[in-house]
Amino acid sequence: MLEAGVSSGLSLVNPGADDRDLVPYTEASVVCKGLRNRDFGSLSDPFAILYELLPNGVYLERDRTEVIFDDLNPNFCHKFSFEERDQQKTFQMTIMDYDIVKKDDFLGLVRFTPQQLESATNGVLELEIQSKNGKISGKNGTSTFYIERLMRSKEPCKIGMELGLGADCKVESKKKIFLCLSRSTANSRDYVRIFRSEAMQIPSKKGESFVLPTFEVDSSTLTAQDSERHLLLELFLEGGRKGNHRNIGEVVFKVGKLDNLRAGESIAFFSGLSGDGRCRPQLVLTCMNWNVGRSTSVIVMRVSNLLIRW
């Protein structure tokens with residue numbers, strides 16, 4: 001159980017880093033749509049690998065995303081980052097279908113340069129996914145890059161977040177629940193996903209509380225160091241092996257609402273989640289201290305009066 005601390009406050013936008021410790025970088029969030037299905041009885045389990053083209057013509061793996069199971073339209077949480085030294089380089093993103101018992105299947109690739117990303121209109125670059133021979137058939141799907149120029153500390157501050165359903169919530173479904181957290185982009189028209197939890201079974205009886213495992217994000221990823229950004233919290237019921245997940249509600253709030261929230265203090269929002277008609281569902285956010293030696297704090301999120309039917 002997390003205990004309230006005694007610190008003066010938590011600044012998510014400016015966690016105390018000296019300007020000289022901040023490094024500029026380009027952040028790329030990736031969403032793919034219309035990928036090929038390489039699995040039988042379910043959908044592909046895509047992940048993306050970022051390769052850098054070396055002077056000798058060899059592609060060297062530099063980074064990779066998480067695997068998203070049973071989804072032909074993956075919205076990856078993991079971000080690719082590029083610095084000034086990468087400007088003249090060429091990169092390849094290869095999309096693969098993860099398999100446990102056999103070799104991963106190839107789904108497609110795109111090639112690009114950081115200059116292409118930074119010159120994208122409104123920070124959005126859409127590329128057709130190619131086959132291995134570089135051809136575009138229209139059957140491999142598309143990839144969309146959401147680009148932002150941000151600053152991060154050489155020693156980033158970690159923010160823990162924990163979501164729970166209160167004992168007054170009622171669940172009339174045997175399906176699992178999962179959480180997605182997204183951040184608005186600079187143009188405020190799009191959201192980029194920064195976290196997706198594992199799907200977990202929730203208690204079916206009213207009177208039982210439920211807490212998802214605590215997760216950590218870098219403060220720069222969470223806030224983009226901008227108090228005017230919005231955070232979008234969405235709850236889903238898992239749709240099974242066909243990937244038809246159901247959005248059961250969402251809450252939107254500004255980063256500035258969390259900034260400088262003192263330890264032990266809370267703020268509440270009436271949410272867009274489904275209620276029982278008598279009490280409006282509410283999301284309460286509380287700042288707690290956690291492992292202060294690592295400059296880490298936790299935002300505890302609790303939902304009350306939620307009714308889930310499906």
# chains A, B, ... in the order shown; residues from 1 in each chain; ligands from 1

call {"tool": "residues_around", "arguments": {"residues": "segment 23-38 of chain A", "least_positions_apart": "6", "cutoff": "7 Å", "atoms": "only C-alpha atoms", "output": "list in words"}}
result
Ser44, Leu72, Asn73, Pro74, Asn75, Phe76, Lys79, Phe80, Ser81, Phe82, Glu83, Leu107, Asn140, Gly141, Thr142, Ser143, Thr144, Phe145, Tyr146, Ile147, Glu148, Arg149, Leu150, Met151, Arg152, Ser153, Lys154 and Val192 of chain A

call {"tool": "write_last_selection", "arguments": {"atoms": "C-alpha atoms", "output": "compact mmCIF listing (two decimals), in the first residue's frame"}}
result
# COMPACT_ATOMS: atom_id res chain seq x y z
CA SER A 44 -1.03 -10.82 -36.18
CA LEU A 72 -3.77 -5.23 -37.36
CA ASN A 73 -3.86 -1.52 -36.48
CA PRO A 74 -1.21 -1.23 -33.73
CA ASN A 75 -0.69 2.03 -31.87
CA PHE A 76 2.77 1.57 -30.37
CA LYS A 79 8.90 6.01 -29.01
CA PHE A 80 11.78 6.20 -31.44
CA SER A 81 14.13 9.11 -30.76
CA PHE A 82 16.62 10.89 -33.00
CA GLU A 83 19.31 13.43 -32.14
CA LEU A 107 4.84 -7.81 -42.39
CA ASN A 140 0.65 -4.10 -46.70
CA GLY A 141 -1.01 -1.18 -44.94
CA THR A 142 0.27 2.25 -43.93
CA SER A 143 2.45 3.68 -41.18
CA THR A 144 1.92 7.10 -39.62
CA PHE A 145 4.67 8.92 -37.71
CA TYR A 146 3.70 11.63 -35.22
CA ILE A 147 6.72 13.89 -34.82
CA GLU A 148 7.63 16.25 -31.98
CA ARG A 149 10.76 18.23 -31.18
CA LEU A 150 11.25 17.90 -27.41
CA MET A 151 13.81 18.30 -24.63
CA ARG A 152 14.79 15.66 -22.09
CA SER A 153 17.07 15.52 -19.09
CA LYS A 154 20.28 13.49 -19.16
CA VAL A 192 0.07 9.66 -29.11

call {"tool": "residues_around", "arguments": {"residues": "Arg302 of chain A", "least_positions_apart": "6", "cutoff": "10 Å", "atoms": "only C-alpha atoms", "output": "list in words"}}
result
Glu162, Leu163, Gly164, Leu165, Gly166, Ser209, Phe210, Val211, Ala268, Gln282, Leu283, Val284, Leu285 and Thr286 of chain A

call {"tool": "write_last_selection", "arguments": {"atoms": "all heavy atoms", "output": "short mmCIF file (atom, residue, chain, number, x, y, z; two decimals), in the first residue's frame"}}
result
data_model
loop_
_atom_site.label_atom_id
_atom_site.label_comp_id
_atom_site.auth_asym_id
_atom_site.auth_seq_id
_atom_site.Cartn_x
_atom_site.Cartn_y
_atom_site.Cartn_z
N GLU A 162 -0.61 4.54 -11.10
CA GLU A 162 -1.33 3.35 -10.65
C GLU A 162 -2.83 3.60 -10.76
O GLU A 162 -3.34 4.58 -10.23
CB GLU A 162 -0.97 3.03 -9.20
CG GLU A 162 -1.70 1.82 -8.63
CD GLU A 162 -1.47 1.68 -7.13
OE1 GLU A 162 -0.45 1.10 -6.75
OE2 GLU A 162 -2.32 2.17 -6.36
N LEU A 163 -3.52 2.72 -11.46
CA LEU A 163 -4.97 2.85 -11.65
C LEU A 163 -5.69 1.75 -10.89
O LEU A 163 -5.30 0.58 -10.94
CB LEU A 163 -5.34 2.76 -13.13
CG LEU A 163 -6.86 2.78 -13.40
CD1 LEU A 163 -7.42 4.17 -13.15
CD2 LEU A 163 -7.18 2.32 -14.80
N GLY A 164 -6.75 2.14 -10.19
CA GLY A 164 -7.56 1.16 -9.48
C GLY A 164 -9.04 1.48 -9.59
O GLY A 164 -9.43 2.63 -9.81
N LEU A 165 -9.86 0.45 -9.49
CA LEU A 165 -11.31 0.60 -9.44
C LEU A 165 -11.75 0.46 -8.00
O LEU A 165 -11.38 -0.51 -7.33
CB LEU A 165 -12.01 -0.44 -10.31
CG LEU A 165 -11.60 -0.53 -11.79
CD1 LEU A 165 -12.46 -1.56 -12.51
CD2 LEU A 165 -11.68 0.82 -12.47
N GLY A 166 -12.55 1.41 -7.52
CA GLY A 166 -13.00 1.38 -6.14
C GLY A 166 -14.00 0.26 -5.88
O GLY A 166 -14.57 -0.34 -6.81
N SER A 209 -12.39 -4.15 -4.56
CA SER A 209 -11.55 -3.18 -5.27
C SER A 209 -10.60 -3.93 -6.20
O SER A 209 -10.39 -5.13 -6.06
CB SER A 209 -10.77 -2.32 -4.29
OG SER A 209 -9.94 -3.12 -3.47
N PHE A 210 -10.04 -3.20 -7.15
CA PHE A 210 -9.16 -3.80 -8.15
C PHE A 210 -8.10 -2.78 -8.53
O PHE A 210 -8.41 -1.61 -8.79
CB PHE A 210 -9.98 -4.21 -9.38
CG PHE A 210 -9.15 -4.62 -10.56
CD1 PHE A 210 -8.60 -5.89 -10.63
CD2 PHE A 210 -8.92 -3.74 -11.60
CE1 PHE A 210 -7.83 -6.27 -11.72
CE2 PHE A 210 -8.16 -4.12 -12.69
CZ PHE A 210 -7.62 -5.38 -12.76
N VAL A 211 -6.83 -3.21 -8.56
CA VAL A 211 -5.73 -2.30 -8.87
C VAL A 211 -4.84 -2.92 -9.93
O VAL A 211 -4.40 -4.07 -9.80
CB VAL A 211 -4.88 -1.99 -7.62
CG1 VAL A 211 -3.71 -1.07 -7.98
CG2 VAL A 211 -5.74 -1.34 -6.54
N ALA A 268 -10.24 15.71 -8.41
CA ALA A 268 -11.25 14.78 -8.91
C ALA A 268 -11.86 15.30 -10.21
O ALA A 268 -11.98 16.51 -10.42
CB ALA A 268 -12.35 14.59 -7.86
N GLN A 282 -16.42 8.88 -11.20
CA GLN A 282 -15.46 9.93 -10.87
C GLN A 282 -14.05 9.35 -10.88
O GLN A 282 -13.83 8.20 -10.48
CB GLN A 282 -15.77 10.50 -9.48
CG GLN A 282 -15.09 11.82 -9.19
CD GLN A 282 -15.58 12.40 -7.87
OE1 GLN A 282 -15.66 11.69 -6.87
NE2 GLN A 282 -15.92 13.68 -7.86
N LEU A 283 -13.10 10.13 -11.39
CA LEU A 283 -11.69 9.76 -11.35
C LEU A 283 -10.99 10.69 -10.37
O LEU A 283 -11.05 11.92 -10.51
CB LEU A 283 -11.05 9.90 -12.74
CG LEU A 283 -9.54 9.67 -12.80
CD1 LEU A 283 -9.20 8.20 -12.55
CD2 LEU A 283 -8.96 10.12 -14.13
N VAL A 284 -10.32 10.11 -9.37
CA VAL A 284 -9.59 10.89 -8.37
C VAL A 284 -8.09 10.62 -8.54
O VAL A 284 -7.66 9.47 -8.57
CB VAL A 284 -10.02 10.51 -6.93
CG1 VAL A 284 -9.22 11.30 -5.92
CG2 VAL A 284 -11.51 10.79 -6.75
N LEU A 285 -7.31 11.69 -8.68
CA LEU A 285 -5.86 11.59 -8.81
C LEU A 285 -5.21 12.10 -7.54
O LEU A 285 -5.54 13.18 -7.05
CB LEU A 285 -5.37 12.42 -10.00
CG LEU A 285 -6.03 12.15 -11.36
CD1 LEU A 285 -5.43 13.06 -12.42
CD2 LEU A 285 -5.88 10.70 -11.75
N THR A 286 -4.29 11.32 -7.01
CA THR A 286 -3.59 11.69 -5.78
C THR A 286 -2.09 11.55 -6.00
O THR A 286 -1.63 10.56 -6.56
CB THR A 286 -4.01 10.78 -4.60
OG1 THR A 286 -5.43 10.83 -4.47
CG2 THR A 286 -3.35 11.23 -3.30
#

call {"tool": "closest_residue", "arguments": {"among": "A:Leu22, A:Leu237, A:Ile202, A:Met96", "to": "Glu155 of chain A", "atoms": "only C-alpha atoms"}}
result
A:Leu22

call {"tool": "closest_residue", "arguments": {"among": "A:Leu109, A:Ala120, A:Ile159, A:Leu127", "to": "Asp259 of chain A", "atoms": "only C-alpha atoms"}}
result
A:Ile159

call {"tool": "select_by_dssp", "arguments": {"residues": "segment 86-296 of chain A", "states": "alpha helix (DSSP H)", "output": "mmCIF file with all heavy atoms, in the first residue's frame"}}
result
data_model
loop_
_atom_site.group_PDB
_atom_site.id
_atom_site.type_symbol
_atom_site.label_atom_id
_atom_site.label_comp_id
_atom_site.auth_asym_id
_atom_site.auth_seq_id
_atom_site.Cartn_x
_atom_site.Cartn_y
_atom_site.Cartn_z
ATOM 1 N N PRO A 114 15.592 11.310 -40.746
ATOM 2 C CA PRO A 114 15.080 12.251 -39.749
ATOM 3 C C PRO A 114 14.670 13.590 -40.365
ATOM 4 O O PRO A 114 13.761 14.257 -39.857
ATOM 5 C CB PRO A 114 16.274 12.413 -38.790
ATOM 6 C CG PRO A 114 16.996 11.110 -38.882
ATOM 7 C CD PRO A 114 16.885 10.731 -40.333
ATOM 8 N N GLN A 115 15.317 13.985 -41.456
ATOM 9 C CA GLN A 115 14.936 15.223 -42.129
ATOM 10 C C GLN A 115 13.516 15.130 -42.665
ATOM 11 O O GLN A 115 12.759 16.110 -42.601
ATOM 12 C CB GLN A 115 15.918 15.526 -43.253
ATOM 13 C CG GLN A 115 17.307 15.960 -42.764
ATOM 14 C CD GLN A 115 18.271 16.225 -43.907
ATOM 15 O OE1 GLN A 115 18.177 15.614 -44.966
ATOM 16 N NE2 GLN A 115 19.202 17.139 -43.683
ATOM 17 N N GLN A 116 13.141 13.949 -43.193
ATOM 18 C CA GLN A 116 11.765 13.749 -43.636
ATOM 19 C C GLN A 116 10.788 13.910 -42.480
ATOM 20 O O GLN A 116 9.723 14.530 -42.624
ATOM 21 C CB GLN A 116 11.592 12.340 -44.221
ATOM 22 C CG GLN A 116 12.005 12.158 -45.656
ATOM 23 C CD GLN A 116 11.750 10.731 -46.105
ATOM 24 O OE1 GLN A 116 12.565 9.837 -45.854
ATOM 25 N NE2 GLN A 116 10.622 10.502 -46.744
ATOM 26 N N LEU A 117 11.148 13.348 -41.344
ATOM 27 C CA LEU A 117 10.264 13.415 -40.183
ATOM 28 C C LEU A 117 10.053 14.861 -39.739
ATOM 29 O O LEU A 117 8.916 15.295 -39.503
ATOM 30 C CB LEU A 117 10.849 12.597 -39.027
ATOM 31 C CG LEU A 117 11.035 11.088 -39.252
ATOM 32 C CD1 LEU A 117 11.608 10.443 -37.998
ATOM 33 C CD2 LEU A 117 9.735 10.404 -39.646
ATOM 34 N N GLU A 118 11.133 15.604 -39.633
ATOM 35 C CA GLU A 118 11.049 16.965 -39.103
ATOM 36 C C GLU A 118 10.381 17.932 -40.075
ATOM 37 O O GLU A 118 9.871 18.973 -39.665
ATOM 38 C CB GLU A 118 12.442 17.455 -38.721
ATOM 39 C CG GLU A 118 13.047 16.692 -37.556
ATOM 40 C CD GLU A 118 14.303 17.335 -37.007
ATOM 41 O OE1 GLU A 118 14.549 18.521 -37.318
ATOM 42 O OE2 GLU A 118 15.035 16.660 -36.271
ATOM 43 N N SER A 219 9.095 11.691 -17.262
ATOM 44 C CA SER A 219 8.297 12.904 -17.167
ATOM 45 C C SER A 219 8.201 13.622 -18.515
ATOM 46 O O SER A 219 7.162 14.182 -18.857
ATOM 47 C CB SER A 219 8.881 13.845 -16.108
ATOM 48 O OG SER A 219 10.217 14.196 -16.440
ATOM 49 N N SER A 220 9.289 13.583 -19.316
ATOM 50 C CA SER A 220 9.257 14.263 -20.619
ATOM 51 C C SER A 220 8.295 13.563 -21.582
ATOM 52 O O SER A 220 7.609 14.216 -22.371
ATOM 53 C CB SER A 220 10.659 14.312 -21.231
ATOM 54 O OG SER A 220 11.193 13.010 -21.397
ATOM 55 N N THR A 221 8.217 12.239 -21.500
ATOM 56 C CA THR A 221 7.287 11.497 -22.343
ATOM 57 C C THR A 221 5.851 11.767 -21.924
ATOM 58 O O THR A 221 4.952 11.921 -22.758
ATOM 59 C CB THR A 221 7.564 9.981 -22.257
ATOM 60 O OG1 THR A 221 8.903 9.728 -22.686
ATOM 61 C CG2 THR A 221 6.602 9.191 -23.118
ATOM 62 N N LEU A 222 5.630 11.860 -20.623
ATOM 63 C CA LEU A 222 4.285 12.062 -20.103
ATOM 64 C C LEU A 222 3.762 13.458 -20.412
ATOM 65 O O LEU A 222 2.596 13.622 -20.797
ATOM 66 C CB LEU A 222 4.286 11.837 -18.584
ATOM 67 C CG LEU A 222 2.951 12.024 -17.854
ATOM 68 C CD1 LEU A 222 1.963 10.948 -18.277
ATOM 69 C CD2 LEU A 222 3.173 11.983 -16.346
ATOM 70 N N THR A 223 4.602 14.480 -20.287
ATOM 71 C CA THR A 223 4.128 15.862 -20.333
ATOM 72 C C THR A 223 4.603 16.674 -21.528
ATOM 73 O O THR A 223 4.031 17.724 -21.819
ATOM 74 C CB THR A 223 4.587 16.613 -19.074
ATOM 75 O OG1 THR A 223 6.020 16.789 -19.126
ATOM 76 C CG2 THR A 223 4.225 15.838 -17.810
ATOM 77 N N VAL A 255 -2.224 18.474 -18.283
ATOM 78 C CA VAL A 255 -1.011 18.214 -17.501
ATOM 79 C C VAL A 255 -0.907 19.211 -16.354
ATOM 80 O O VAL A 255 -0.495 18.863 -15.236
ATOM 81 C CB VAL A 255 0.235 18.306 -18.407
ATOM 82 C CG1 VAL A 255 1.518 18.356 -17.570
ATOM 83 C CG2 VAL A 255 0.277 17.137 -19.372
ATOM 84 N N GLY A 256 -1.296 20.458 -16.616
ATOM 85 C CA GLY A 256 -1.212 21.498 -15.591
ATOM 86 C C GLY A 256 -2.004 21.186 -14.342
ATOM 87 O O GLY A 256 -1.701 21.692 -13.258
ATOM 88 N N LYS A 257 -3.034 20.339 -14.467
ATOM 89 C CA LYS A 257 -3.815 19.948 -13.289
ATOM 90 C C LYS A 257 -2.985 19.110 -12.325
ATOM 91 O O LYS A 257 -3.234 19.093 -11.121
ATOM 92 C CB LYS A 257 -5.053 19.154 -13.720
ATOM 93 C CG LYS A 257 -6.121 19.979 -14.420
ATOM 94 C CD LYS A 257 -6.856 20.862 -13.446
ATOM 95 C CE LYS A 257 -8.032 21.542 -14.119
ATOM 96 N NZ LYS A 257 -8.769 22.417 -13.166
ATOM 97 N N LEU A 258 -2.007 18.394 -12.860
ATOM 98 C CA LEU A 258 -1.166 17.539 -12.031
ATOM 99 C C LEU A 258 0.078 18.261 -11.526
ATOM 100 O O LEU A 258 0.641 17.896 -10.496
ATOM 101 C CB LEU A 258 -0.724 16.310 -12.828
ATOM 102 C CG LEU A 258 -1.813 15.388 -13.370
ATOM 103 C CD1 LEU A 258 -1.169 14.219 -14.105
ATOM 104 C CD2 LEU A 258 -2.686 14.875 -12.251
#

call {"tool": "select_by_dssp", "arguments": {"residues": "segment 65-97 of chain A", "states": "strand (DSSP E or B)", "output": "list in words"}}
result
Asn75, Phe80, Ser81, Phe82, Phe91, Gln92, Met93, Thr94, Ile95, Met96 and Asp97 of chain A

call {"tool": "atom_distance", "arguments": {"atom1": "atom CA of Phe236 of chain A", "atom2": "atom CA of Val217 of chain A"}}
result
20.3 Å

call {"tool": "closest_residue", "arguments": {"among": "A:Arg111, A:His245, A:Lys102, A:Lys135", "to": "Asp71 of chain A", "atoms": "only C-alpha atoms"}}
result
A:His245

call {"tool": "residues_around", "arguments": {"residues": "Arg64 of chain A", "least_positions_apart": "6", "cutoff": "9 Å", "atoms": "only C-alpha atoms", "output": "list of chain:residue names"}}
result
A:Phe47, A:Ala48, A:Ile49, A:Leu50, A:Tyr51, A:His78, A:Lys79, A:Phe80, A:Met93

call {"tool": "write_last_selection", "arguments": {"atoms": "C-alpha atoms", "output": "short mmCIF file (atom, residue, chain, number, x, y, z; two decimals), in the first residue's frame"}}
result
data_model
loop_
_atom_site.label_atom_id
_atom_site.label_comp_id
_atom_site.auth_asym_id
_atom_site.auth_seq_id
_atom_site.Cartn_x
_atom_site.Cartn_y
_atom_site.Cartn_z
CA PHE A 47 6.12 -5.12 -33.35
CA ALA A 48 8.49 -2.71 -35.14
CA ILE A 49 12.29 -2.78 -35.31
CA LEU A 50 14.28 0.38 -36.11
CA TYR A 51 17.47 -0.16 -38.14
CA HIS A 78 7.40 2.89 -27.38
CA LYS A 79 8.90 6.01 -29.01
CA PHE A 80 11.78 6.20 -31.44
CA MET A 93 11.53 0.38 -39.76
#

call {"tool": "atom_distance", "arguments": {"atom1": "atom CA of Arg189 of chain A", "atom2": "atom CA of Phe269 of chain A"}}
result
22.0 Å

call {"tool": "residues_around", "arguments": {"residues": "Phe178 of chain A", "least_positions_apart": "5", "cutoff": "7 Å", "atoms": "only C-alpha atoms", "output": "PyMOL selection string"}}
result
chain A and resi 197-200+235-237

call {"tool": "atom_distance", "arguments": {"atom1": "atom CA of Met301 of chain A", "atom2": "atom CA of Lys175 of chain A"}}
result
21.5 Å
